[in-house]
Every structure is written in structure tokens, then in C-alpha cells.
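Chemist: Have a look at the structure that comes next, please.
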Amino acid sequence: MNSTFNWGVIGPGKIARQFAADLALIPGARLHAVASRESSRAQAFAKDFEAPFYYGNYLDILDCKDLDAIYIATPHVGHFDNTIRCLEAGIPVLCEKPLAMNFRQVELLIDTARRRNTFLMEALWTRFLPSTRFLLELIRKGEIGELVGVKADFGFRSELPPEDRIFNKALGGGALLDIGIYPVFLALLLFGKASEIKAMAKIGSTGVDEDTHILLRYPGGQLAQLHASFLADTKREAYIYGDAGTIHLHADWYQQTHLSIFGAKSELRSYPIEKKGLGYHYEAKEVMECIAAGKIESDSMSHAFSAALMLSLDSIRREIGLIYPEDE
Ligand SMILES: NC(=O)c1ccc[n+]([C@@H]2O[C@H](COP(=O)([O-])OP(=O)(O)OC[C@H]3O[C@@H](n4cnc5c(N)ncnc54)[C@H](OP(=O)(O)O)[C@@H]3O)[C@@H](O)[C@H]2O)c1
């Protein structure tokens, strides 16, 4: 690794801008190169974040010298192709969620990372926030006893047009893959693989789910109740129930800076949690540390975890009858 860690970005859109801004919080990290489908957009992004190299397509960046990792932030359908090209070129990848469109694609990506001995991680930033680490520590210490279940939602009323990536089926749109993935991630983190999955959704005019309710049962008897919506502003809170208390992850729970514990017999305890910047530097730092240690996957967001997450999403999609062209 160079003394500085050189990041590349493919797909310089809204989230890439936030990610690039947060790199300033990591000593040694810098934006080295950016690739857009349009040269002028790459140039503007490179100027804003002082990157020395920019490219007007997604292929030429693969030949850029001294890249230590590429962050992929295109719409969902671009994740698989862009990630596999980087891995084949031996370039480590941090790819936005969901890692690909279905389990078959995720398996292929993991196989490629292993064959090329090249780092791969899904950019599920919530996993690396101080709040999530603190939450897991509270549970491990038995603060709420044995876990009983979880309830989590992520919903906002979207006025975006039907062609926007979140509604556009050809771009992998839909509430489940875009935001439902966060509650599904939380349930997987707490309970592992579900033994039973039920789901219902409202499929909108563009053919993707706009409002999705999910129930999961776990081998230990725990239950999860999850909700994702583009139709309504939900509370965006999560509750983790234990037999000795409940943890409340305050809104927005997936980027929270405040959690509390309450129970019939226990006082309410409140924990403000520090979060620096926008919160994307935590996942970037994880990538840098893993690569420095010669690893091809993160222990916290492992290949197996991403595969299990996608298996859950595939199962939920089967329940709601949502098929993408990539599934054919
Ligand atoms: N972690 C988080 O908090 C978070 C938040 C929001 C989104 N995300 C994820 O980040 C990814 C990108 O989301 P975003 O909201 O940043 O998306 P966006 O701004 O709509 O698009 C990102 C970029 O993708 C490129 N792109 C490639 N093919 C495209 C196509 N056919 N149509 C439109 N754009 C295309 C465009 O850049 P060029 O044309 O310049 O190449 C565009 O600027 C998604 O996977 C999403 O799930 C994560």
C-alpha cells in the first residue's frame, strides 16, 4: 500500500459526493480518480474533491495507476458489472448496497474476489457506525437479556418521478433493495438466517415495490417485523426486544446518534453516541485497514454475510412476486 490510500469512484452521483467528502476525515485517504459516463461530470467531481485523474467512461479507470480501492456508487444494476471488472483487474472494491441484484450474482462476485485474491465488501455503512458497534456491545453484555424480536422501519414519501432510479425497474429500483435492505440487515445482524419469511408489498405503476411489509421467524423462536416504504413517512425507528428490556434506536435508526433502553422494571437509560462527519468514513476506514492487513474480506461485513443478506432479499422478492431482468 502507498503511504497515502488512493480511492477511486465509479458513478459520481449523490452518495459518491458524501463518501468523497468524508474521506477528508481519514488521515492518508484521498480521492485519486473518478469515472463518470460523461467526462464533464467526472471533471467537475475531480475538481470538487481535488482528484488528479478523471475518466469519461467506467473502463479507463481500471488502467489508472496507484489505485488502492474503488468505491462503486452507480444504480443497483451497475453494481455487478462494475465490481466484477474491478476485481478481474485486481482492484479492491467497496460496492454500494445491494452488492448485486440477486444471490447468483453475489456468489459470482465472491468467487471472483477469492480467485483474484482481491478485497470485496458491500458498503452497508450502518454496520460500521459507532452506534451499531455500541448496540452489539450492549446486547453482548446482556443489557436487555435474551433477545425476543426486532421491529424496524425505513420509509419516506418520495415525490421523485417514475424514471428516477428508485422507481425504475431497469435500474434495479424498488423500496426493498433501496431502503428495505437496512431493516433486513439489522434482523440478520441480530438473529442470523431466518427459518421462515412472509412478505406483502404494493407494486407500483413502474413494476417495483413501493411499500413492503416483512415478517421473519428465526430458529431460536425470535420474530422480526420490518417495513420499507416510498409512499409514507414512517418513524424510521427500530426497537430490539429482550426479555429484560427494550433498546430503542432513535430516528433515523440506520444513521442514529442516540439510543435508549427501557423496560417495565428498569429506568430509561439514554445514550447519545458520537458520529463524526456524515458517517461514510467508518466503512472506508474498515476497507483500508482490511487491505493493509492483506485481507480479502471484512470480518464485520463478510462475504458470507452479504450472501445471506441477498438470500433474504431474494426470498422476500419471491413472496412479493418481484422479478428483475437479471433473475431470468
Ligand atoms: N449508503 C447510503 O447511505 C446510500 C444512500 C443513497 C444511495 N445509496 C446507494 O448508492 C448507489 C447510488 O445511489 P445515488 O442515490 O447516489 O444514485 P444517483 O445519484 O441517482 O446515481 C449515481 C450515479 O450513477 C451513475 N449512473 C450509471 N448508470 C446510470 C443510469 N443508467 N442512470 C442514472 N445514473 C447512472 C451516474 O453517474 P455518471 O452518469 O456521472 O457516471 C449517477 O450520478 C445505489 O446503490 C444506492 O442504493 C446508498
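Residues in the C-alpha cells are named by chain (A, B, ... in the order shown) and by number from 1 within that chain; ligands are numbered from 1 in the order shown.
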Near A:Leu147, counting only C-alpha atoms, which residues have an atom at most 9 Å away, once you skip same-chain residues fewer than 2 positions from it, shown as a compact mmCIF listing (two decimals) with N, CA, C and O atoms, in the first residue's frame?

Modeler:
```
# COMPACT_ATOMS: atom_id res chain seq x y z
N ILE A 139 -25.91 -5.63 23.74
CA ILE A 139 -26.59 -6.94 23.65
C ILE A 139 -25.66 -8.03 24.18
O ILE A 139 -26.08 -8.90 24.95
N ILE A 144 -30.26 -6.27 27.81
CA ILE A 144 -31.72 -6.47 27.68
C ILE A 144 -32.08 -7.96 27.75
O ILE A 144 -33.16 -8.37 27.34
N GLY A 145 -31.15 -8.76 28.25
CA GLY A 145 -31.42 -10.20 28.43
C GLY A 145 -31.39 -10.95 27.12
O GLY A 145 -30.68 -10.57 26.18
N GLY A 149 -37.10 -10.23 19.79
CA GLY A 149 -37.50 -9.82 18.44
C GLY A 149 -37.01 -8.44 18.09
O GLY A 149 -36.36 -7.76 18.90
N VAL A 150 -37.35 -8.01 16.87
CA VAL A 150 -36.98 -6.67 16.41
C VAL A 150 -38.10 -6.11 15.54
O VAL A 150 -38.80 -6.87 14.86
N LEU A 190 -28.77 -9.39 14.02
CA LEU A 190 -29.17 -9.79 15.37
C LEU A 190 -29.44 -11.28 15.49
O LEU A 190 -29.09 -11.91 16.49
N PHE A 191 -30.07 -11.86 14.45
CA PHE A 191 -30.59 -13.23 14.61
C PHE A 191 -30.05 -14.24 13.61
O PHE A 191 -30.37 -15.42 13.72
N GLN A 222 -37.28 -16.21 17.79
CA GLN A 222 -37.46 -14.75 17.71
C GLN A 222 -38.22 -14.39 16.42
O GLN A 222 -38.23 -15.15 15.45
N ILE A 240 -35.44 -3.16 19.63
CA ILE A 240 -34.91 -4.51 19.79
C ILE A 240 -35.38 -5.00 21.15
O ILE A 240 -35.06 -4.41 22.19
N TYR A 241 -36.20 -6.03 21.10
CA TYR A 241 -36.86 -6.51 22.31
C TYR A 241 -36.07 -7.64 22.95
O TYR A 241 -35.66 -8.59 22.27
N GLY A 242 -35.88 -7.52 24.27
CA GLY A 242 -35.27 -8.61 25.03
C GLY A 242 -36.17 -8.96 26.20
O GLY A 242 -37.11 -8.21 26.50
N ASP A 243 -35.87 -10.09 26.88
CA ASP A 243 -36.74 -10.45 27.99
C ASP A 243 -36.46 -9.62 29.25
O ASP A 243 -37.17 -9.74 30.25
N ALA A 244 -35.42 -8.74 29.17
CA ALA A 244 -35.14 -7.88 30.33
C ALA A 244 -35.14 -6.40 29.96
O ALA A 244 -34.67 -5.56 30.72
```

Chemist: Using only C-alpha atoms and all ligand atoms, which residues have at least one atom no more than 6 Å from ligand 1? Output them as a list in words.

Modeler: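 For ligand 1, the residues inside 6 Å are Gly11, Pro12, Gly13, Lys14, Ile15, Ala16, Ser36, Arg37, Glu38, Arg41, Ala73, Thr74, Pro75, His76, Glu96, Lys97, Trp125, Arg165 and Asp178 of chain A.
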
Chemist: Excluding A:His227 and residues on its chain fewer than 5 positions from it, collect all residues at most 9 Å away from it, counting only C-alpha atoms, and give them as a PyMOL selection string.

Modeler: chain A and resi 151-155+176+180+183+211-215+234

Chemist: Just write the chosen residues, N, CA and C atoms, as a CSV table (one decimal), in the first residue's frame.

Modeler:
```
chain,number,residue,atom,x,y,z
A,151,LYS,N,-38.3,-4.8,15.6
A,151,LYS,CA,-39.2,-4.1,14.8
A,151,LYS,C,-38.5,-2.9,14.2
A,152,ALA,N,-38.4,-2.8,12.9
A,152,ALA,CA,-37.7,-1.6,12.3
A,152,ALA,C,-38.3,-1.2,11.0
A,153,ASP,N,-38.3,0.1,10.7
A,153,ASP,CA,-38.9,0.6,9.5
A,153,ASP,C,-38.0,1.7,8.9
A,154,PHE,N,-38.1,1.8,7.6
A,154,PHE,CA,-37.4,2.8,6.8
A,154,PHE,C,-38.4,3.3,5.7
A,155,GLY,N,-39.0,4.4,5.9
A,155,GLY,CA,-40.0,4.9,4.9
A,155,GLY,C,-40.0,6.4,4.8
A,176,LEU,N,-37.6,-2.3,-1.4
A,176,LEU,CA,-36.9,-3.4,-0.7
A,176,LEU,C,-35.4,-3.2,-0.9
A,180,GLY,N,-35.3,-1.1,2.2
A,180,GLY,CA,-35.7,-2.2,3.0
A,180,GLY,C,-34.5,-3.1,3.3
A,183,PRO,N,-33.5,-2.6,7.3
A,183,PRO,CA,-34.1,-3.4,8.3
A,183,PRO,C,-33.8,-4.9,8.2
A,211,ASP,N,-44.1,-0.2,-1.2
A,211,ASP,CA,-44.5,-0.3,0.2
A,211,ASP,C,-44.5,-1.8,0.6
A,212,THR,N,-43.5,-2.2,1.4
A,212,THR,CA,-43.3,-3.6,1.6
A,212,THR,C,-43.2,-3.9,3.1
A,213,HIS,N,-44.0,-4.9,3.5
A,213,HIS,CA,-44.1,-5.4,4.9
A,213,HIS,C,-43.5,-6.8,5.0
A,214,ILE,N,-42.7,-7.0,6.0
A,214,ILE,CA,-42.0,-8.3,6.1
A,214,ILE,C,-42.0,-8.9,7.5
A,215,LEU,N,-42.3,-10.2,7.6
A,215,LEU,CA,-42.3,-10.9,8.9
A,215,LEU,C,-41.3,-12.0,8.8
A,234,THR,N,-42.4,7.2,7.5
A,234,THR,CA,-42.5,6.4,8.7
A,234,THR,C,-41.6,7.0,9.8
```

Chemist: Fewer than 4 positions away in the same chain doesn't count, so skip those; otherwise give me all residues within 7 Å of stretch 277-285 of chain A, counting only C-alpha atoms, as a ChimeraX atom specification.

Modeler: /A:19,22-23,25-26,123,125,128-129,289

Chemist: From the set A:Glu328, A:Ile84, A:Ile61, A:Phe119, which residue has the shortest atom-to-atom contact distance to A:Glu107, counting only C-alpha atoms?

Modeler: A:Ile84

Chemist: Skip stretch 311-314 of chain A itself and residues of its chain fewer than 3 positions away, then list as number ranges by chain all residues within 7 Å of it, counting only C-alpha atoms.

Modeler: A: 102-103, 307-308, 317-318

Chemist: Tell me which of A:Leu268, A:Val184, A:Leu87, A:Ala46 sits closest to A:His248, counting only C-alpha atoms.

Modeler: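 Using only C-alpha atoms, the shortest distance to A:His248 belongs to A:Leu268.
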
Chemist: Pick out the closest residue to A:Ala187 from this set: A:Gln18, A:Ala170, A:Gly207, A:Gln225. Count only C-alpha atoms.

Modeler: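 Closest candidate: A:Gln225.
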